[in-house]
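See below for my_file_10.csv, which holds CSV, C-alpha atoms (C1' of nucleotides).
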```
chain,number,residue,atom,x,y,z
A,24,MET,CA,144.1,249.9,-76.1
A,25,GLY,CA,141.5,251.3,-73.7
A,26,VAL,CA,143.5,250.2,-70.7
A,27,SER,CA,145.2,253.5,-70.4
A,28,GLU,CA,143.9,256.1,-68.0
A,29,ASP,CA,143.8,259.8,-68.4
A,30,SER,CA,145.9,261.5,-65.8
A,31,SER,CA,143.1,263.9,-64.8
A,32,THR,CA,140.7,261.0,-64.3
A,33,ASP,CA,142.3,260.3,-60.9
A,34,GLU,CA,141.7,263.9,-59.8
A,35,VAL,CA,138.0,263.7,-60.9
A,36,LEU,CA,137.4,260.4,-59.2
A,37,ARG,CA,139.0,261.6,-56.0
A,38,ALA,CA,136.8,264.7,-56.2
A,39,LEU,CA,133.7,262.6,-56.6
A,40,ALA,CA,134.6,260.3,-53.8
A,41,GLU,CA,133.2,262.8,-51.2
A,42,PRO,CA,129.5,263.0,-50.4
A,43,ARG,CA,129.6,266.7,-49.8
A,44,ARG,CA,131.3,267.4,-53.1
A,45,ARG,CA,128.7,265.3,-54.9
A,46,GLY,CA,126.0,267.3,-53.1
A,47,ILE,CA,127.5,270.5,-54.3
A,48,LEU,CA,127.7,269.1,-57.8
A,49,ARG,CA,124.1,268.1,-57.8
A,50,LEU,CA,123.2,271.5,-56.5
A,51,VAL,CA,124.9,273.5,-59.2
A,52,ALA,CA,123.8,271.0,-61.9
A,53,GLN,CA,120.4,272.5,-61.8
A,54,ASP,CA,121.1,276.2,-61.1
A,55,GLU,CA,124.0,278.5,-61.1
A,56,LEU,CA,124.6,279.4,-57.5
A,57,SER,CA,126.9,281.7,-55.5
A,58,ALA,CA,129.4,280.4,-53.0
A,59,GLY,CA,127.3,281.7,-50.2
A,60,GLU,CA,124.2,280.0,-51.5
A,61,ILE,CA,126.0,276.7,-51.8
A,62,ALA,CA,127.4,277.0,-48.3
A,63,ALA,CA,123.9,277.8,-46.9
A,64,ALA,CA,122.7,274.5,-48.2
A,65,PHE,CA,125.0,272.6,-45.9
A,66,ASP,CA,125.6,272.3,-42.2
A,67,VAL,CA,129.3,273.0,-42.4
A,68,SER,CA,131.3,276.2,-42.4
A,69,ARG,CA,131.6,278.4,-45.5
A,70,THR,CA,135.3,277.7,-45.4
A,71,ALA,CA,134.8,274.0,-45.8
A,72,ILE,CA,132.5,274.6,-48.8
A,73,SER,CA,135.1,276.9,-50.4
A,74,GLN,CA,137.7,274.2,-50.1
A,75,HIS,CA,135.4,271.6,-51.7
A,76,VAL,CA,134.6,274.0,-54.5
A,77,THR,CA,138.3,274.5,-55.1
A,78,VAL,CA,138.8,270.7,-55.4
A,79,LEU,CA,135.8,270.5,-57.8
A,80,LYS,CA,137.1,273.4,-59.8
A,81,ASN,CA,140.6,272.0,-60.1
A,82,ALA,CA,139.1,268.7,-61.2
A,83,GLY,CA,137.3,270.5,-64.0
A,84,LEU,CA,133.9,269.7,-62.6
A,85,LEU,CA,132.9,273.3,-61.9
A,86,ALA,CA,132.9,276.5,-63.9
A,87,GLU,CA,133.3,279.8,-62.1
A,88,ARG,CA,131.8,283.2,-63.1
A,89,ARG,CA,132.4,286.4,-61.2
A,90,ASP,CA,129.7,289.0,-60.6
A,91,GLY,CA,130.8,291.8,-58.4
A,92,THR,CA,131.9,290.3,-55.1
A,93,ARG,CA,130.1,287.1,-55.8
A,94,ARG,CA,131.3,284.0,-57.5
A,95,LEU,CA,128.8,282.0,-59.3
A,96,TYR,CA,129.3,278.3,-60.0
A,97,ARG,CA,127.8,275.8,-62.3
A,98,ALA,CA,128.5,272.1,-63.0
A,99,ARG,CA,130.6,271.3,-66.0
A,100,PRO,CA,129.3,268.1,-67.4
A,101,GLU,CA,132.3,267.6,-69.8
A,102,GLY,CA,134.4,267.1,-66.7
A,103,LEU,CA,133.0,263.7,-66.3
A,104,ASP,CA,133.9,262.5,-69.8
A,105,GLY,CA,137.1,261.0,-68.6
A,106,VAL,CA,135.4,259.0,-65.9
A,107,ARG,CA,132.8,257.8,-68.4
A,108,ALA,CA,135.6,256.7,-70.7
A,109,PHE,CA,137.3,254.9,-67.9
A,110,LEU,CA,134.2,253.0,-67.0
A,111,ASP,CA,133.4,252.1,-70.6
A,112,GLY,CA,137.0,251.2,-71.2
A,113,MET,CA,137.1,248.6,-68.5
A,114,TRP,CA,134.0,247.0,-69.8
A,115,GLY,CA,135.2,247.2,-73.3
A,116,ASP,CA,138.3,245.4,-72.4
A,117,ALA,CA,136.4,242.8,-70.5
A,118,LEU,CA,134.0,242.3,-73.3
A,119,ASP,CA,136.8,242.0,-75.8
A,120,THR,CA,138.4,239.4,-73.6
A,121,ALA,CA,135.1,237.4,-73.3
A,122,ARG,CA,134.8,237.6,-77.1
A,123,ARG,CA,138.3,236.3,-77.5
A,124,LEU,CA,137.6,233.5,-75.2
A,125,VAL,CA,134.5,232.5,-77.0
A,126,GLU,CA,136.2,232.6,-80.3
A,127,ALA,CA,139.2,230.7,-78.9
A,128,GLU,CA,136.8,227.9,-77.9
A,129,ARG,CA,135.3,227.8,-81.4
A,130,GLY,CA,138.8,227.6,-82.8
A,131,LEU,CA,139.6,224.7,-80.5
A,132,SER,CA,136.5,222.7,-81.5
A,133,ASP,CA,137.2,223.7,-85.1
A,134,ASP,CA,140.8,222.7,-84.8
A,135,GLU,CA,143.5,222.0,-87.3
A,136,GLU,CA,142.6,224.8,-89.7
A,137,GLY,CA,145.4,227.2,-88.9
A,138,ARG,CA,143.2,230.1,-89.9
A,139,HIS,CA,141.5,232.7,-87.8
A,140,ALA,CA,138.3,233.9,-89.3
A,141,VAL,CA,137.3,237.0,-87.4
B,22,MET,CA,113.0,261.5,-57.4
B,23,GLY,CA,116.2,260.8,-59.2
B,24,VAL,CA,118.1,263.2,-57.0
B,25,SER,CA,118.6,260.5,-54.4
B,26,GLU,CA,121.8,258.6,-54.3
B,27,ASP,CA,122.2,254.9,-53.7
B,28,SER,CA,123.9,254.3,-50.4
B,29,SER,CA,126.4,251.9,-52.0
B,30,THR,CA,127.4,254.4,-54.6
B,31,ASP,CA,129.5,256.2,-52.0
B,32,GLU,CA,131.3,253.0,-51.2
B,33,VAL,CA,131.9,252.3,-54.9
B,34,LEU,CA,133.2,255.8,-55.6
B,35,ARG,CA,135.5,255.7,-52.7
B,36,ALA,CA,136.8,252.4,-53.8
B,37,LEU,CA,137.5,253.8,-57.3
B,38,ALA,CA,139.2,256.8,-56.0
B,39,GLU,CA,142.4,254.9,-55.6
B,40,PRO,CA,144.9,254.3,-58.4
B,41,ARG,CA,146.0,250.9,-57.1
B,42,ARG,CA,142.5,249.7,-56.8
B,43,ARG,CA,141.6,250.8,-60.3
B,44,GLY,CA,144.7,248.9,-61.4
B,45,ILE,CA,143.5,245.8,-59.7
B,46,LEU,CA,140.1,246.2,-61.3
B,47,ARG,CA,141.6,246.5,-64.7
B,48,LEU,CA,143.7,243.5,-64.1
B,49,VAL,CA,140.8,241.2,-63.1
B,50,ALA,CA,138.5,242.7,-65.8
B,51,GLN,CA,140.4,240.7,-68.4
B,52,ASP,CA,141.3,237.5,-66.5
B,53,GLU,CA,140.3,235.8,-63.3
B,54,LEU,CA,143.4,236.0,-61.1
B,55,SER,CA,144.4,234.7,-57.7
B,56,ALA,CA,145.3,237.1,-54.8
B,57,GLY,CA,149.0,236.1,-55.2
B,58,GLU,CA,149.0,236.8,-58.9
B,59,ILE,CA,147.4,240.2,-58.4
B,60,ALA,CA,149.9,241.0,-55.7
B,61,ALA,CA,152.7,240.0,-58.0
B,62,ALA,CA,151.6,242.7,-60.4
B,63,PHE,CA,152.3,245.5,-58.0
B,64,ASP,CA,155.3,246.7,-56.1
B,65,VAL,CA,153.6,246.7,-52.7
B,66,SER,CA,153.2,244.0,-50.1
B,67,ARG,CA,150.7,241.2,-50.5
B,68,THR,CA,149.0,242.6,-47.4
B,69,ALA,CA,148.3,245.9,-49.0
B,70,ILE,CA,146.8,244.2,-52.0
B,71,SER,CA,144.6,242.0,-49.8
B,72,GLN,CA,143.2,245.1,-48.1
B,73,HIS,CA,142.5,246.8,-51.4
B,74,VAL,CA,140.8,243.6,-52.6
B,75,THR,CA,138.6,243.6,-49.5
B,76,VAL,CA,137.6,247.2,-50.2
B,77,LEU,CA,136.7,246.4,-53.8
B,78,LYS,CA,134.8,243.2,-52.7
B,79,ASN,CA,132.8,245.1,-50.1
B,80,ALA,CA,131.9,247.7,-52.7
B,81,GLY,CA,130.6,245.0,-54.9
B,82,LEU,CA,133.2,245.5,-57.6
B,83,LEU,CA,134.9,242.1,-57.2
B,84,ALA,CA,133.6,238.6,-57.2
B,85,GLU,CA,135.5,235.9,-55.2
B,86,ARG,CA,135.8,232.2,-56.0
B,87,ARG,CA,137.7,229.8,-53.9
B,88,ASP,CA,139.8,227.0,-55.3
B,89,GLY,CA,141.7,225.1,-52.6
B,90,THR,CA,143.8,227.5,-50.7
B,91,ARG,CA,143.6,230.0,-53.5
B,92,ARG,CA,141.1,232.8,-53.9
B,93,LEU,CA,140.3,233.8,-57.5
B,94,TYR,CA,138.9,237.2,-58.2
B,95,ARG,CA,137.2,238.7,-61.2
B,96,ALA,CA,135.7,242.1,-61.8
B,97,ARG,CA,132.0,242.5,-61.3
B,98,PRO,CA,130.8,245.0,-63.9
B,99,GLU,CA,127.3,245.3,-62.4
B,100,GLY,CA,129.0,246.9,-59.5
B,101,LEU,CA,129.5,250.0,-61.6
B,102,ASP,CA,125.8,250.4,-62.4
B,103,GLY,CA,125.2,252.7,-59.5
B,104,VAL,CA,127.9,255.0,-60.5
B,105,ARG,CA,126.7,255.1,-64.0
B,106,ALA,CA,123.2,256.0,-62.8
B,107,PHE,CA,124.7,258.7,-60.6
B,108,LEU,CA,126.6,260.2,-63.5
B,109,ASP,CA,123.6,260.1,-65.8
B,110,GLY,CA,121.3,261.2,-63.1
B,111,MET,CA,123.0,264.5,-62.3
B,112,TRP,CA,122.1,266.2,-65.5
B,113,GLY,CA,119.3,263.8,-66.0
B,114,ASP,CA,117.7,265.6,-63.0
B,115,ALA,CA,118.1,268.9,-64.8
B,116,LEU,CA,116.6,267.5,-67.9
B,117,ASP,CA,113.9,265.8,-65.9
B,118,THR,CA,113.0,269.1,-64.3
B,119,ALA,CA,112.7,270.8,-67.7
B,120,ARG,CA,110.6,267.9,-68.9
B,121,ARG,CA,108.4,268.0,-65.9
B,122,LEU,CA,107.8,271.7,-66.4
B,123,VAL,CA,106.8,271.1,-70.0
B,124,GLU,CA,104.6,268.2,-69.2
B,125,ALA,CA,103.0,270.0,-66.3
B,126,GLU,CA,101.8,272.5,-68.8
B,127,ARG,CA,100.3,269.8,-70.8
B,128,GLY,CA,98.7,268.3,-67.7
B,129,LEU,CA,100.5,265.1,-68.2
B,130,SER,CA,101.8,263.0,-65.3
B,131,ASP,CA,104.1,260.4,-66.8
B,132,ASP,CA,106.2,259.1,-63.9
B,133,GLU,CA,108.2,256.0,-63.8
B,134,GLU,CA,110.5,254.4,-61.2
B,135,GLY,CA,112.0,251.1,-62.0
B,136,ARG,CA,115.4,250.2,-60.7
B,137,HIS,CA,117.3,248.4,-58.0
B,138,ALA,CA,118.6,244.9,-58.6
B,139,VAL,CA,120.8,243.7,-55.7
C,12,DC,C1',150.3,214.6,-37.4
C,13,DA,C1',153.8,217.7,-39.0
C,14,DC,C1',154.9,220.8,-42.8
C,15,DT,C1',154.1,223.9,-46.4
C,16,DA,C1',151.6,227.1,-49.4
C,17,DA,C1',148.3,230.6,-50.0
C,18,DC,C1',145.6,234.1,-47.8
C,19,DG,C1',143.2,237.1,-44.5
C,20,DT,C1',143.7,239.9,-40.3
C,21,DT,C1',145.6,242.9,-36.8
C,22,DA,C1',148.5,246.6,-34.7
C,23,DG,C1',150.9,250.5,-35.4
C,24,DC,C1',153.0,254.3,-38.1
C,25,DG,C1',153.4,258.2,-41.3
C,26,DA,C1',150.7,260.8,-44.6
C,27,DC,C1',146.7,262.8,-46.1
C,28,DT,C1',141.9,264.9,-45.6
C,29,DG,C1',138.0,267.5,-44.1
C,30,DC,C1',136.9,270.7,-40.7
C,31,DT,C1',137.0,275.1,-37.9
C,32,DG,C1',138.5,279.7,-36.6
C,33,DA,C1',141.2,283.7,-37.8
C,34,DC,C1',142.8,286.6,-41.2
C,35,DG,C1',143.3,289.2,-45.8
C,36,DG,C1',141.7,290.7,-50.3
C,37,DA,C1',138.2,292.5,-53.5
C,38,DT,C1',133.9,295.0,-54.5
C,39,DC,C1',130.0,298.1,-53.8
C,40,DG,C1',127.1,301.7,-51.5
C,41,DA,C1',126.9,305.8,-48.3
D,10,DT,C1',137.0,307.3,-47.6
D,11,DC,C1',134.5,304.4,-44.4
D,12,DG,C1',132.2,300.4,-43.6
D,13,DA,C1',129.8,296.2,-44.9
D,14,DT,C1',129.5,292.2,-47.8
D,15,DC,C1',131.2,288.3,-50.1
D,16,DC,C1',134.7,285.3,-50.5
D,17,DG,C1',139.4,282.7,-50.6
D,18,DT,C1',143.5,281.3,-47.8
D,19,DC,C1',146.3,279.7,-43.9
D,20,DA,C1',147.2,277.2,-39.5
D,21,DG,C1',146.1,273.7,-36.7
D,22,DC,C1',143.6,269.6,-35.2
D,23,DA,C1',141.2,265.1,-35.2
D,24,DG,C1',140.0,261.4,-38.1
D,25,DT,C1',141.0,258.4,-42.0
D,26,DC,C1',143.9,256.0,-45.4
D,27,DG,C1',147.5,253.1,-47.3
D,28,DC,C1',151.3,250.7,-46.0
D,29,DT,C1',154.4,247.2,-43.5
D,30,DA,C1',155.5,243.5,-40.3
D,31,DA,C1',153.9,239.8,-37.5
D,32,DC,C1',150.5,236.5,-36.6
D,33,DG,C1',146.3,233.4,-37.4
D,34,DT,C1',143.7,230.4,-40.5
D,35,DT,C1',142.6,227.0,-44.0
D,36,DA,C1',143.7,223.5,-47.5
D,37,DG,C1',146.7,220.3,-49.6
D,38,DT,C1',150.9,216.9,-49.0
D,39,DG,C1',154.0,213.3,-47.1
```
Written as structure tokens, that's how I'd like the structure from this file.
Amino acid sequence: MGVSEDSSTDEVLRALAEPRRRGILRLVAQDELSAGEIAAAFDVSRTAISQHVTVLKNAGLLAERRDGTRRLYRARPEGLDGVRAFLDGMWGDALDTARRLVEAERGLSDDEEGRHAV
Amino acid sequence: MGVSEDSSTDEVLRALAEPRRRGILRLVAQDELSAGEIAAAFDVSRTAISQHVTVLKNAGLLAERRDGTRRLYRARPEGLDGVRAFLDGMWGDALDTARRLVEAERGLSDDEEGRHAV
DNA sequence: CACTAACGTTAGCGACTGCTGACGGATCGA
DNA sequence: TCGATCCGTCAGCAGTCGCTAACGTTAGTG
């Protein structure tokens, strides 16, 4: 059943539940940027950005590439697959339930057959 | 531009970034349950569940219906639309940028903006 | 009205989180 | 090698979060 939840989904959702981290993600979704360039785009210390980047990286939402002393980051779209599956899974389950309810009503009005035509 | 982020999206994402709240959501995605029934499904106090329900309700992820002294809750799938738009929008923006570049060369200006349903 | 059932709300506490400042490591040019 | 640049990490602090216990509220019952 789709009710189960990938263990990494929790990490991804927690990473996304932060405005600054979403900002970083949007930033590197368009271009590959260095840590410094990312930090320059926000009004917080470079340290804070580095910590956010670490969280995003651990969640699988960011890919890192080294070039000399610089570290270039880009968004990793596949990292969101788990969350998408989670969202779709809830719906799917809900829709399945709704369908079952509808068909259960049909079965009631159609009573006394003892058969379930799906 | 699609880069913008719905203000309520932040609230929704923060609400989702909590295992217990996702559990509640999955629970009432299938059936409409009372606060007590929801609380009975977890190993925390009823108070904690009530607080989680409040968060989910404020985020637009839960619909409340009163029946006597009881309060029945069910998931509100539309509440996730903003998050879906956010997920699709991130690389969508990158794609949009590429498309705008292409269409700018053609001299086309095919813009559209149709959303928002509260 | 009194009594109970079903909830929400508040105060307070421990744990976590995001932030800053100071520091250490790695890399490149002079 | 020296110095500068770019960057991650650690310690500490204020704010937030999730939890519990006690209390307040509303609706049904005798």
With a cut-off of 9 Å and counting all atoms listed in the file, select all residues of chain C in contact with chain B and give the selection as a PDB file with C-alpha atoms (C1' of nucleotides), keeping the file's coordinate frame.
```pdb
ATOM      1  C1'  DA C  16     151.600 227.100 -49.400  1.00  0.00           C
ATOM      2  C1'  DA C  17     148.300 230.600 -50.000  1.00  0.00           C
ATOM      3  C1'  DC C  18     145.600 234.100 -47.800  1.00  0.00           C
ATOM      4  C1'  DG C  19     143.200 237.100 -44.500  1.00  0.00           C
TER       5       DG C  19
END
```
Using all atoms listed in the file, which residues of chain D come within 12 Å of chain A, and what is the closest atom pair for each, with the distance in Å to one decimal? Give it as a tab-separated table, sorted by chain and residue number.
```
residue	atom	partner	partner_atom	distance
D:DA13	C1'	A:Thr92	CA	12.0
D:DT14	C1'	A:Thr92	CA	7.9
D:DC15	C1'	A:Thr92	CA	5.4
D:DC16	C1'	A:Arg93	CA	7.2
D:DG17	C1'	A:Ser73	CA	7.2
D:DT18	C1'	A:Thr70	CA	9.3
D:DC19	C1'	A:Thr70	CA	11.3
```
Store the residues picked out above, limited to C-alpha atoms (C1' of nucleotides), as an mmCIF file, keeping the file's coordinate frame.
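The resulting file, selection21.cif, is shown below:
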```cif
data_model
loop_
_atom_site.group_PDB
_atom_site.id
_atom_site.type_symbol
_atom_site.label_atom_id
_atom_site.label_comp_id
_atom_site.auth_asym_id
_atom_site.auth_seq_id
_atom_site.Cartn_x
_atom_site.Cartn_y
_atom_site.Cartn_z
ATOM 1 C "C1'" DA D 13 129.800 296.200 -44.900
ATOM 2 C "C1'" DT D 14 129.500 292.200 -47.800
ATOM 3 C "C1'" DC D 15 131.200 288.300 -50.100
ATOM 4 C "C1'" DC D 16 134.700 285.300 -50.500
ATOM 5 C "C1'" DG D 17 139.400 282.700 -50.600
ATOM 6 C "C1'" DT D 18 143.500 281.300 -47.800
ATOM 7 C "C1'" DC D 19 146.300 279.700 -43.900
#
```
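Among the candidates A:Glu101, A:Asp66, A:Glu87, A:Glu60, the residue lying nearest to chain B is A:Glu101 (atoms considered: all atoms listed in the file).
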Per residue of chain B within 6 Å of chain A, record the nearest atom pair and its distance in Å to one decimal, counting all atoms listed in the file, with rows in chain order and ascending residue number, as CSV.
```
residue,atom,partner,partner_atom,distance
B:Leu34,CA,A:Ala40,CA,5.0
B:Arg35,CA,A:Ala40,CA,4.8
B:Ala38,CA,A:Arg37,CA,4.8
B:Ala50,CA,A:Ala117,CA,5.1
B:Gln51,CA,A:Ala117,CA,5.0
B:Met111,CA,A:Arg49,CA,5.9
B:Ala115,CA,A:Gln53,CA,5.2
```
Residues from the last selection, C-alpha atoms, saved as a compact mmCIF listing (two decimals), in the frame of the given file:
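Output contents, as saved in selection-v6.txt:
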```txt
# COMPACT_ATOMS: atom_id res chain seq x y z
CA LEU B 34 133.20 255.80 -55.60
CA ARG B 35 135.50 255.70 -52.70
CA ALA B 38 139.20 256.80 -56.00
CA ALA B 50 138.50 242.70 -65.80
CA GLN B 51 140.40 240.70 -68.40
CA MET B 111 123.00 264.50 -62.30
CA ALA B 115 118.10 268.90 -64.80
```
For this session: In Å, rounded to a single decimal, give me how far atom CA of B:Leu83 is from atom CA of B:Arg95.
Result: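 Straight-line distance from atom CA of B:Arg95 to atom CA of B:Leu83 works out to 5.7 Å.
Atom CA of B:Arg42 is positioned 22.5 Å from atom CA of A:Arg43.
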For this session: Record the distance separating atom CA of B:Arg87 and atom C1' of D:DG39, expressed in Å with one decimal.
Result: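 Here the two named atoms are 24.2 Å from each other.
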